[in-house]
Amino acid sequence: MAGLSQARVLMIATNGFEDSELRKPRQALIDAGAKVLLAALDRDPIQGESGGEKGEKITPDLTIAEVDGDEFDALVLPGGVANPDRLRTDRRTIELIGEFFDDGKTVAAICHAPWLLAEADIIDGKRVTGWESIRTDLANAGGQVVDRDVVVDGNLITSRKPDDIPAFIDAIEAALAREMELAD
């Protein structure tokens, strides 16, 4: 989808992110014209994983502490196990997720990343999905958990796993296109 040239997207990740869940949405959004920045706990390169094997490293554009949420239209959170498990203990990450959500901006999380949404206390009463092993956590946080490739509930987008990436990307791009249309 072309036409997202005005969109600014923030991705947050740290070591242990699922390679495909960061790289594929990032590239698709860049290809659609969006400006995508990656934030991490520090500026050192972070390393992804795929199938339990170490992946390539990627260098963040800025630190989470440097992020001004007002400069972005959407937030995308890739999964993996270690990545969201580490980030959910970072106060600023959780604050940012809440700020994006409260401002009505798109917040998209895939795989284990919905853990972060539970930690930010934004899924109570919302329809969500995620990796099978975290669904009880999502339900305990008040989420109405469904087993679908992508679930959109207001400005919240969730997906289950790497196989769902195409639907996840489509939902993010559609949400951004609506936001850009409303901004015109």
# chains A, B, ... in the order shown; residues from 1 in each chain; ligands from 1

call {"tool": "residues_around", "arguments": {"residues": "region 13-18 of chain A", "least_positions_apart": "4", "cutoff": "8 Å", "atoms": "only C-alpha atoms", "output": "ChimeraX atom specification"}}
result
/A:22,38-41,46-50,77-84,86-87

call {"tool": "write_last_selection", "arguments": {"atoms": "N, CA, C and O atoms", "output": "PDB file, in the first residue's frame"}}
result
ATOM      1  N   LEU A  22       9.732  -8.106  13.471  1.00  0.00           N
ATOM      2  CA  LEU A  22      10.262  -6.744  13.411  1.00  0.00           C
ATOM      3  C   LEU A  22      10.545  -6.366  11.966  1.00  0.00           C
ATOM      4  O   LEU A  22      10.086  -5.337  11.479  1.00  0.00           O
ATOM      5  N   LEU A  38      13.171   2.844  15.007  1.00  0.00           N
ATOM      6  CA  LEU A  38      13.279   1.777  15.988  1.00  0.00           C
ATOM      7  C   LEU A  38      13.902   2.324  17.266  1.00  0.00           C
ATOM      8  O   LEU A  38      14.973   2.928  17.226  1.00  0.00           O
ATOM      9  N   ALA A  39      13.219   2.104  18.388  1.00  0.00           N
ATOM     10  CA  ALA A  39      13.737   2.512  19.694  1.00  0.00           C
ATOM     11  C   ALA A  39      14.041   1.262  20.515  1.00  0.00           C
ATOM     12  O   ALA A  39      13.323   0.269  20.439  1.00  0.00           O
ATOM     13  N   ALA A  40      15.118   1.349  21.305  1.00  0.00           N
ATOM     14  CA  ALA A  40      15.514   0.254  22.195  1.00  0.00           C
ATOM     15  C   ALA A  40      15.966   0.857  23.518  1.00  0.00           C
ATOM     16  O   ALA A  40      16.007   2.079  23.681  1.00  0.00           O
ATOM     17  N   LEU A  41      16.331   0.011  24.441  1.00  0.00           N
ATOM     18  CA  LEU A  41      16.742   0.478  25.763  1.00  0.00           C
ATOM     19  C   LEU A  41      18.003   1.335  25.705  1.00  0.00           C
ATOM     20  O   LEU A  41      18.176   2.245  26.506  1.00  0.00           O
ATOM     21  N   ILE A  46      20.759  -4.445  18.602  1.00  0.00           N
ATOM     22  CA  ILE A  46      19.992  -5.495  19.256  1.00  0.00           C
ATOM     23  C   ILE A  46      19.907  -6.696  18.318  1.00  0.00           C
ATOM     24  O   ILE A  46      19.944  -6.550  17.105  1.00  0.00           O
ATOM     25  N   GLN A  47      19.802  -7.877  18.907  1.00  0.00           N
ATOM     26  CA  GLN A  47      19.826  -9.104  18.115  1.00  0.00           C
ATOM     27  C   GLN A  47      18.498  -9.831  18.211  1.00  0.00           C
ATOM     28  O   GLN A  47      17.966 -10.046  19.305  1.00  0.00           O
ATOM     29  N   GLY A  48      18.005 -10.210  17.056  1.00  0.00           N
ATOM     30  CA  GLY A  48      16.767 -10.963  16.997  1.00  0.00           C
ATOM     31  C   GLY A  48      17.011 -12.450  17.041  1.00  0.00           C
ATOM     32  O   GLY A  48      18.159 -12.911  17.143  1.00  0.00           O
ATOM     33  N   GLU A  49      15.922 -13.200  16.981  1.00  0.00           N
ATOM     34  CA  GLU A  49      15.966 -14.653  16.970  1.00  0.00           C
ATOM     35  C   GLU A  49      14.916 -15.160  15.999  1.00  0.00           C
ATOM     36  O   GLU A  49      13.936 -14.487  15.718  1.00  0.00           O
ATOM     37  N   SER A  50      15.151 -16.378  15.527  1.00  0.00           N
ATOM     38  CA  SER A  50      14.173 -17.048  14.687  1.00  0.00           C
ATOM     39  C   SER A  50      14.296 -18.541  14.940  1.00  0.00           C
ATOM     40  O   SER A  50      15.369 -19.111  14.726  1.00  0.00           O
ATOM     41  N   LEU A  77       4.847  -3.259  18.075  1.00  0.00           N
ATOM     42  CA  LEU A  77       5.604  -4.041  19.041  1.00  0.00           C
ATOM     43  C   LEU A  77       5.787  -5.463  18.540  1.00  0.00           C
ATOM     44  O   LEU A  77       4.830  -6.249  18.540  1.00  0.00           O
ATOM     45  N   PRO A  78       7.006  -5.814  18.093  1.00  0.00           N
ATOM     46  CA  PRO A  78       7.254  -7.187  17.676  1.00  0.00           C
ATOM     47  C   PRO A  78       7.367  -8.106  18.887  1.00  0.00           C
ATOM     48  O   PRO A  78       7.642  -7.654  20.001  1.00  0.00           O
ATOM     49  N   GLY A  79       7.157  -9.387  18.648  1.00  0.00           N
ATOM     50  CA  GLY A  79       7.212 -10.358  19.736  1.00  0.00           C
ATOM     51  C   GLY A  79       8.565 -11.003  19.913  1.00  0.00           C
ATOM     52  O   GLY A  79       9.592 -10.335  19.901  1.00  0.00           O
ATOM     53  N   GLY A  80       8.537 -12.329  20.030  1.00  0.00           N
ATOM     54  CA  GLY A  80       9.662 -13.069  20.549  1.00  0.00           C
ATOM     55  C   GLY A  80       9.361 -13.240  22.031  1.00  0.00           C
ATOM     56  O   GLY A  80       8.455 -12.589  22.550  1.00  0.00           O
ATOM     57  N   VAL A  81      10.071 -14.092  22.717  1.00  0.00           N
ATOM     58  CA  VAL A  81       9.793 -14.300  24.135  1.00  0.00           C
ATOM     59  C   VAL A  81      10.575 -13.315  25.000  1.00  0.00           C
ATOM     60  O   VAL A  81      10.007 -12.596  25.820  1.00  0.00           O
ATOM     61  N   ALA A  82      11.888 -13.263  24.810  1.00  0.00           N
ATOM     62  CA  ALA A  82      12.748 -12.441  25.674  1.00  0.00           C
ATOM     63  C   ALA A  82      12.481 -10.952  25.508  1.00  0.00           C
ATOM     64  O   ALA A  82      12.533 -10.188  26.481  1.00  0.00           O
ATOM     65  N   ASN A  83      12.184 -10.519  24.287  1.00  0.00           N
ATOM     66  CA  ASN A  83      11.981  -9.103  23.982  1.00  0.00           C
ATOM     67  C   ASN A  83      10.866  -8.484  24.834  1.00  0.00           C
ATOM     68  O   ASN A  83      11.132  -7.578  25.634  1.00  0.00           O
ATOM     69  N   PRO A  84       9.613  -8.933  24.735  1.00  0.00           N
ATOM     70  CA  PRO A  84       8.577  -8.297  25.554  1.00  0.00           C
ATOM     71  C   PRO A  84       8.728  -8.611  27.041  1.00  0.00           C
ATOM     72  O   PRO A  84       8.337  -7.782  27.879  1.00  0.00           O
ATOM     73  N   ARG A  86      11.476  -8.654  28.713  1.00  0.00           N
ATOM     74  CA  ARG A  86      12.406  -7.633  29.230  1.00  0.00           C
ATOM     75  C   ARG A  86      11.765  -6.249  29.215  1.00  0.00           C
ATOM     76  O   ARG A  86      11.846  -5.492  30.167  1.00  0.00           O
ATOM     77  N   LEU A  87      11.094  -5.917  28.123  1.00  0.00           N
ATOM     78  CA  LEU A  87      10.525  -4.574  27.989  1.00  0.00           C
ATOM     79  C   LEU A  87       9.388  -4.303  28.967  1.00  0.00           C
ATOM     80  O   LEU A  87       9.170  -3.161  29.357  1.00  0.00           O
TER      81      LEU A  87
END

call {"tool": "select_by_dssp", "arguments": {"residues": "region 93-123 of chain A", "states": "strand (DSSP E or B)", "output": "VMD selection string"}}
result
chain A and resid 106 to 110

call {"tool": "write_last_selection", "arguments": {"atoms": "all heavy atoms", "output": "mmCIF file, in the first residue's frame"}}
result
data_model
loop_
_atom_site.group_PDB
_atom_site.id
_atom_site.type_symbol
_atom_site.label_atom_id
_atom_site.label_comp_id
_atom_site.auth_asym_id
_atom_site.auth_seq_id
_atom_site.Cartn_x
_atom_site.Cartn_y
_atom_site.Cartn_z
ATOM 1 N N THR A 106 -2.692 4.193 16.750
ATOM 2 C CA THR A 106 -2.617 2.755 16.537
ATOM 3 C C THR A 106 -1.526 2.148 17.401
ATOM 4 O O THR A 106 -0.393 2.629 17.406
ATOM 5 C CB THR A 106 -2.336 2.449 15.046
ATOM 6 O OG1 THR A 106 -3.443 2.940 14.271
ATOM 7 C CG2 THR A 106 -2.162 0.968 14.801
ATOM 8 N N VAL A 107 -1.882 1.091 18.112
ATOM 9 C CA VAL A 107 -0.928 0.294 18.889
ATOM 10 C C VAL A 107 -1.080 -1.136 18.399
ATOM 11 O O VAL A 107 -2.151 -1.731 18.534
ATOM 12 C CB VAL A 107 -1.206 0.384 20.406
ATOM 13 C CG1 VAL A 107 -0.251 -0.524 21.174
ATOM 14 C CG2 VAL A 107 -1.098 1.823 20.900
ATOM 15 N N ALA A 108 -0.005 -1.677 17.809
ATOM 16 C CA ALA A 108 -0.051 -3.012 17.219
ATOM 17 C C ALA A 108 0.985 -3.913 17.883
ATOM 18 O O ALA A 108 2.145 -3.525 18.021
ATOM 19 C CB ALA A 108 0.214 -2.919 15.714
ATOM 20 N N ALA A 109 0.551 -5.106 18.304
ATOM 21 C CA ALA A 109 1.437 -6.041 18.996
ATOM 22 C C ALA A 109 1.194 -7.448 18.470
ATOM 23 O O ALA A 109 0.043 -7.862 18.290
ATOM 24 C CB ALA A 109 1.181 -5.984 20.500
ATOM 25 N N ILE A 110 2.280 -8.182 18.268
ATOM 26 C CA ILE A 110 2.177 -9.534 17.723
ATOM 27 C C ILE A 110 2.904 -10.538 18.611
ATOM 28 O O ILE A 110 3.892 -10.189 19.268
ATOM 29 C CB ILE A 110 2.725 -9.578 16.263
ATOM 30 C CG1 ILE A 110 2.456 -10.940 15.607
ATOM 31 C CG2 ILE A 110 4.182 -9.165 16.203
ATOM 32 C CD1 ILE A 110 2.720 -10.954 14.097
#

call {"tool": "atom_distance", "arguments": {"atom1": "CA of Met11 (chain A)", "atom2": "CA of Val146 (chain A)"}}
result
24.4 Å

call {"tool": "closest_atom_pairs", "arguments": {"of": "region 60-133 of chain A", "to": "region 156-178 of chain A", "cutoff": "12 Å", "atoms": "only C-alpha atoms", "output": "JSON lines"}}
result
{"residue": "A:Phe72", "atom": "CA", "partner": "A:Leu176", "partner_atom": "CA", "distance": 11.0}
{"residue": "A:Asp73", "atom": "CA", "partner": "A:Leu176", "partner_atom": "CA", "distance": 7.5}
{"residue": "A:Ala74", "atom": "CA", "partner": "A:Leu176", "partner_atom": "CA", "distance": 7.4}
{"residue": "A:Leu75", "atom": "CA", "partner": "A:Ile172", "partner_atom": "CA", "distance": 9.5}
{"residue": "A:Val76", "atom": "CA", "partner": "A:Ile172", "partner_atom": "CA", "distance": 8.5}
{"residue": "A:Leu77", "atom": "CA", "partner": "A:Thr158", "partner_atom": "CA", "distance": 9.5}
{"residue": "A:Pro78", "atom": "CA", "partner": "A:Pro162", "partner_atom": "CA", "distance": 9.8}
{"residue": "A:Gly79", "atom": "CA", "partner": "A:Lys161", "partner_atom": "CA", "distance": 8.2}
{"residue": "A:Gly80", "atom": "CA", "partner": "A:Lys161", "partner_atom": "CA", "distance": 9.2}
{"residue": "A:Val81", "atom": "CA", "partner": "A:Lys161", "partner_atom": "CA", "distance": 11.5}
{"residue": "A:Ile97", "atom": "CA", "partner": "A:Leu156", "partner_atom": "CA", "distance": 10.7}
{"residue": "A:Gly98", "atom": "CA", "partner": "A:Leu156", "partner_atom": "CA", "distance": 11.4}
{"residue": "A:Phe100", "atom": "CA", "partner": "A:Leu156", "partner_atom": "CA", "distance": 10.1}
{"residue": "A:Phe101", "atom": "CA", "partner": "A:Leu156", "partner_atom": "CA", "distance": 7.6}
{"residue": "A:Asp102", "atom": "CA", "partner": "A:Leu156", "partner_atom": "CA", "distance": 10.8}
{"residue": "A:Asp103", "atom": "CA", "partner": "A:Leu156", "partner_atom": "CA", "distance": 11.8}
{"residue": "A:Gly104", "atom": "CA", "partner": "A:Leu156", "partner_atom": "CA", "distance": 9.0}
{"residue": "A:Lys105", "atom": "CA", "partner": "A:Leu156", "partner_atom": "CA", "distance": 8.5}
{"residue": "A:Thr106", "atom": "CA", "partner": "A:Leu156", "partner_atom": "CA", "distance": 6.0}
{"residue": "A:Val107", "atom": "CA", "partner": "A:Leu156", "partner_atom": "CA", "distance": 5.1}
{"residue": "A:Ala108", "atom": "CA", "partner": "A:Ile157", "partner_atom": "CA", "distance": 4.4}
{"residue": "A:Ala109", "atom": "CA", "partner": "A:Thr158", "partner_atom": "CA", "distance": 4.9}
{"residue": "A:Ile110", "atom": "CA", "partner": "A:Ser159", "partner_atom": "CA", "distance": 4.6}
{"residue": "A:Cys111", "atom": "CA", "partner": "A:Arg160", "partner_atom": "CA", "distance": 4.6}
{"residue": "A:His112", "atom": "CA", "partner": "A:Arg160", "partner_atom": "CA", "distance": 7.9}
{"residue": "A:Ala113", "atom": "CA", "partner": "A:Thr158", "partner_atom": "CA", "distance": 8.7}
{"residue": "A:Pro114", "atom": "CA", "partner": "A:Thr158", "partner_atom": "CA", "distance": 7.0}
{"residue": "A:Trp115", "atom": "CA", "partner": "A:Thr158", "partner_atom": "CA", "distance": 10.8}
{"residue": "A:Leu116", "atom": "CA", "partner": "A:Thr158", "partner_atom": "CA", "distance": 11.4}
{"residue": "A:Leu117", "atom": "CA", "partner": "A:Leu156", "partner_atom": "CA", "distance": 9.3}
{"residue": "A:Ala118", "atom": "CA", "partner": "A:Thr158", "partner_atom": "CA", "distance": 12.0}
{"residue": "A:Ile122", "atom": "CA", "partner": "A:Leu156", "partner_atom": "CA", "distance": 9.1}
{"residue": "A:Ile123", "atom": "CA", "partner": "A:Leu156", "partner_atom": "CA", "distance": 8.6}
{"residue": "A:Asp124", "atom": "CA", "partner": "A:Leu156", "partner_atom": "CA", "distance": 11.7}
{"residue": "A:Gly125", "atom": "CA", "partner": "A:Leu156", "partner_atom": "CA", "distance": 11.8}
{"residue": "A:Lys126", "atom": "CA", "partner": "A:Leu156", "partner_atom": "CA", "distance": 8.3}
{"residue": "A:Arg127", "atom": "CA", "partner": "A:Leu156", "partner_atom": "CA", "distance": 8.7}
{"residue": "A:Val128", "atom": "CA", "partner": "A:Thr158", "partner_atom": "CA", "distance": 5.8}
{"residue": "A:Thr129", "atom": "CA", "partner": "A:Thr158", "partner_atom": "CA", "distance": 5.6}
{"residue": "A:Gly130", "atom": "CA", "partner": "A:Arg160", "partner_atom": "CA", "distance": 4.1}
{"residue": "A:Trp131", "atom": "CA", "partner": "A:Arg160", "partner_atom": "CA", "distance": 4.7}
{"residue": "A:Glu132", "atom": "CA", "partner": "A:Arg160", "partner_atom": "CA", "distance": 7.4}
{"residue": "A:Ser133", "atom": "CA", "partner": "A:Arg160", "partner_atom": "CA", "distance": 10.2}

call {"tool": "closest_residue", "arguments": {"among": "A:Gln27, A:Ser20, A:Ile12, A:Gly51", "to": "Val67 (chain A)", "atoms": "only C-alpha atoms"}}
result
A:Ile12

call {"tool": "closest_residue", "arguments": {"among": "A:Gln144, A:Leu10, A:Asp85, A:Asp19", "to": "Ile64 (chain A)", "atoms": "only C-alpha atoms"}}
result
A:Leu10

call {"tool": "atom_distance", "arguments": {"atom1": "CA of Asp70 (chain A)", "atom2": "CA of Val150 (chain A)"}}
result
26.2 Å

call {"tool": "select_by_dssp", "arguments": {"residues": "region 13-152 of chain A", "states": "helix (DSSP H, G or I)", "output": "JSON, numbers by chain"}}
result
{"A": [19, 20, 21, 22, 23, 24, 25, 26, 27, 28, 29, 30, 31, 64, 65, 66, 69, 70, 71, 82, 83, 84, 85, 86, 87, 91, 92, 93, 94, 95, 96, 97, 98, 99, 100, 101, 102, 114, 115, 116, 117, 118, 119, 132, 133, 134, 135, 136, 137, 138, 139, 140]}

call {"tool": "atom_distance", "arguments": {"atom1": "CA of Leu4 (chain A)", "atom2": "CA of Asp42 (chain A)"}}
result
28.0 Å

call {"tool": "decode", "arguments": {"residues": "region 33-138 of chain A", "atoms": "C-alpha atoms", "output": "compact mmCIF listing (two decimals), in the first residue's frame"}}
result
# COMPACT_ATOMS: atom_id res chain seq x y z
CA GLY A 33 6.22 5.34 2.36
CA ALA A 34 6.06 5.56 6.16
CA LYS A 35 8.97 6.82 8.22
CA VAL A 36 9.77 4.03 10.68
CA LEU A 37 12.08 4.50 13.65
CA LEU A 38 13.28 1.78 15.99
CA ALA A 39 13.74 2.51 19.69
CA ALA A 40 15.51 0.25 22.19
CA LEU A 41 16.74 0.48 25.76
CA ASP A 42 20.06 1.88 24.50
CA ARG A 43 21.67 2.58 21.12
CA ASP A 44 23.70 -0.64 20.98
CA PRO A 45 22.68 -3.04 18.19
CA ILE A 46 19.99 -5.50 19.26
CA GLN A 47 19.83 -9.10 18.12
CA GLY A 48 16.77 -10.96 17.00
CA GLU A 49 15.97 -14.65 16.97
CA SER A 50 14.17 -17.05 14.69
CA GLY A 51 13.26 -20.57 15.71
CA GLY A 52 15.53 -20.35 18.75
CA GLU A 53 18.53 -19.40 16.61
CA LYS A 54 20.27 -16.02 16.84
CA GLY A 55 19.40 -13.67 14.02
CA GLU A 56 20.99 -10.58 12.60
CA LYS A 57 21.53 -7.44 14.61
CA ILE A 58 19.86 -4.11 13.93
CA THR A 59 20.90 -0.73 15.27
CA PRO A 60 18.17 1.34 16.96
CA ASP A 61 17.55 4.89 15.77
CA LEU A 62 17.00 6.20 19.29
CA THR A 63 16.56 5.08 22.87
CA ILE A 64 13.17 4.57 24.46
CA ALA A 65 14.03 7.38 26.89
CA GLU A 66 14.50 9.76 23.91
CA VAL A 67 11.10 9.03 22.36
CA ASP A 68 8.55 11.82 22.15
CA GLY A 69 5.30 10.00 21.42
CA ASP A 70 3.79 13.16 19.93
CA GLU A 71 6.12 12.73 16.94
CA PHE A 72 4.54 9.41 15.92
CA ASP A 73 1.23 8.17 14.53
CA ALA A 74 1.53 4.51 15.50
CA LEU A 75 3.42 2.07 17.69
CA VAL A 76 4.39 -1.44 16.55
CA LEU A 77 5.60 -4.04 19.04
CA PRO A 78 7.25 -7.19 17.68
CA GLY A 79 7.21 -10.36 19.74
CA GLY A 80 9.66 -13.07 20.55
CA VAL A 81 9.79 -14.30 24.13
CA ALA A 82 12.75 -12.44 25.67
CA ASN A 83 11.98 -9.10 23.98
CA PRO A 84 8.58 -8.30 25.55
CA ASP A 85 9.50 -10.07 28.78
CA ARG A 86 12.41 -7.63 29.23
CA LEU A 87 10.53 -4.57 27.99
CA ARG A 88 7.55 -5.08 30.31
CA THR A 89 9.85 -4.25 33.22
CA ASP A 90 10.89 -0.93 31.65
CA ARG A 91 8.71 1.85 33.08
CA ARG A 92 9.14 4.22 30.11
CA THR A 93 8.17 1.55 27.57
CA ILE A 94 4.95 0.86 29.48
CA GLU A 95 4.24 4.61 29.79
CA LEU A 96 4.70 5.09 26.04
CA ILE A 97 2.31 2.26 25.22
CA GLY A 98 -0.30 3.86 27.48
CA GLU A 99 0.28 7.29 25.95
CA PHE A 100 -0.12 6.03 22.36
CA PHE A 101 -3.27 4.13 23.33
CA ASP A 102 -4.80 7.01 25.30
CA ASP A 103 -4.09 9.41 22.42
CA GLY A 104 -6.08 7.15 20.07
CA LYS A 105 -3.03 6.21 18.02
CA THR A 106 -2.62 2.76 16.54
CA VAL A 107 -0.93 0.29 18.89
CA ALA A 108 -0.05 -3.01 17.22
CA ALA A 109 1.44 -6.04 19.00
CA ILE A 110 2.18 -9.53 17.72
CA CYS A 111 3.04 -12.90 19.28
CA HIS A 112 4.28 -12.39 22.89
CA ALA A 113 4.18 -8.57 22.60
CA PRO A 114 0.59 -8.34 23.88
CA TRP A 115 2.19 -9.03 27.29
CA LEU A 116 3.25 -5.38 27.06
CA LEU A 117 -0.35 -4.31 26.48
CA ALA A 118 -1.41 -6.23 29.59
CA GLU A 119 1.39 -4.59 31.58
CA ALA A 120 0.24 -1.17 30.33
CA ASP A 121 -3.28 -2.05 31.52
CA ILE A 122 -4.96 -1.21 28.22
CA ILE A 123 -6.66 -4.47 27.25
CA ASP A 124 -9.42 -4.68 29.86
CA GLY A 125 -12.64 -5.22 27.89
CA LYS A 126 -10.81 -5.27 24.54
CA ARG A 127 -10.82 -8.11 22.01
CA VAL A 128 -7.23 -9.34 21.62
CA THR A 129 -5.15 -12.28 20.49
CA GLY A 130 -1.57 -13.40 21.01
CA TRP A 131 0.74 -16.37 21.19
CA GLU A 132 -1.07 -19.36 22.69
CA SER A 133 1.04 -19.47 25.88
CA ILE A 134 0.15 -15.88 26.89
CA ARG A 135 -3.59 -16.03 26.27
CA THR A 136 -4.36 -16.79 29.93
CA ASP A 137 -2.30 -13.72 30.89
CA LEU A 138 -4.30 -11.63 28.42
